[in-house]
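Trainee: Quick one: the structure is below, questions incoming.
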Amino acid sequence: MNNFHGLPIAVLENDHIRLEYLTSAGPRIVGFSYHGSPNLLADVFDMAWDTPNGKYFPLGGHRLWISPELPEKTYVPDRTGLSVREIPQGVELNGASETVSGVRKSVRIEL
């Protein structure tokens with residue numbers, strides 16, 4: 001599987017775990033498993049709701065968010081603008097700057 005419901009993913013893995021992340025949206029980690037186990041993260045791809053910034057899709061997995069939970073700041077659509085940078089033993093995922101909050105979400109993953 002090289003996609004998460006049609007969205008492209010990439011994989012980081014070692015002898016113990018497998019981690020899948022989106023390469024075009026997010027930053028989002030959509031899969032985490034021990035080798036041979038099912039995905040331990042939620043999969044809610046068919047879920048969506050309207051926000052002041054447009055339709056928001058939680059997708060599933062793990063994402064970074066802003067607190068306190070306010071629809072106009074916490075649920076900003078993040079399906080475009082991701083940049084992916086490979087690093088030794090991992091990856092760095094950088095989202096686009098959010099127009100409402102000015103926040104740019106970033107996560108660095110190393111195995």
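Residues are named by chain letter and number: chains run A, B, ... in the order of the structure tokens, numbers start at 1 in each chain, and ligands are numbered from 1 in the order shown.
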Quick one: residues within 10 Å of region 56-65 of chain A, only C-alpha atoms, excluding same-chain residues fewer than 2 positions away - as a ChimeraX atom specification?

Mentor: /A:4-5,20-21,26-32,39-54,67-69,71,73-79,103,105-107

Trainee: Using DSSP on the backbone coordinates, identify all residues within chain A classified as helix (DSSP H, G or I); present the result as a list in words.

Mentor: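 So, restricting chain A to helix (DSSP H, G or I), we get Pro71, Glu72, Lys73 and Thr74 of chain A.
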
Trainee: Let me see the file: selected residues, C-alpha atoms, as a PDB file, in the first residue's frame.

Mentor:
ATOM      1  CA  PRO A  71     -13.008  25.765  15.139  1.00  0.00           C
ATOM      2  CA  GLU A  72     -11.437  28.746  13.375  1.00  0.00           C
ATOM      3  CA  LYS A  73      -7.926  27.968  14.707  1.00  0.00           C
ATOM      4  CA  THR A  74      -7.849  24.258  15.545  1.00  0.00           C
TER       5      THR A  74
END

Trainee: Residues near Asn14 (chain A), anyone? I mean within 10 Å using only C-alpha atoms, not counting same-chain ones fewer than 5 positions away, as a list in words.

Mentor: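 Here the answer would be Leu19, Tyr34, His35, Gln89 and Leu111 of chain A.
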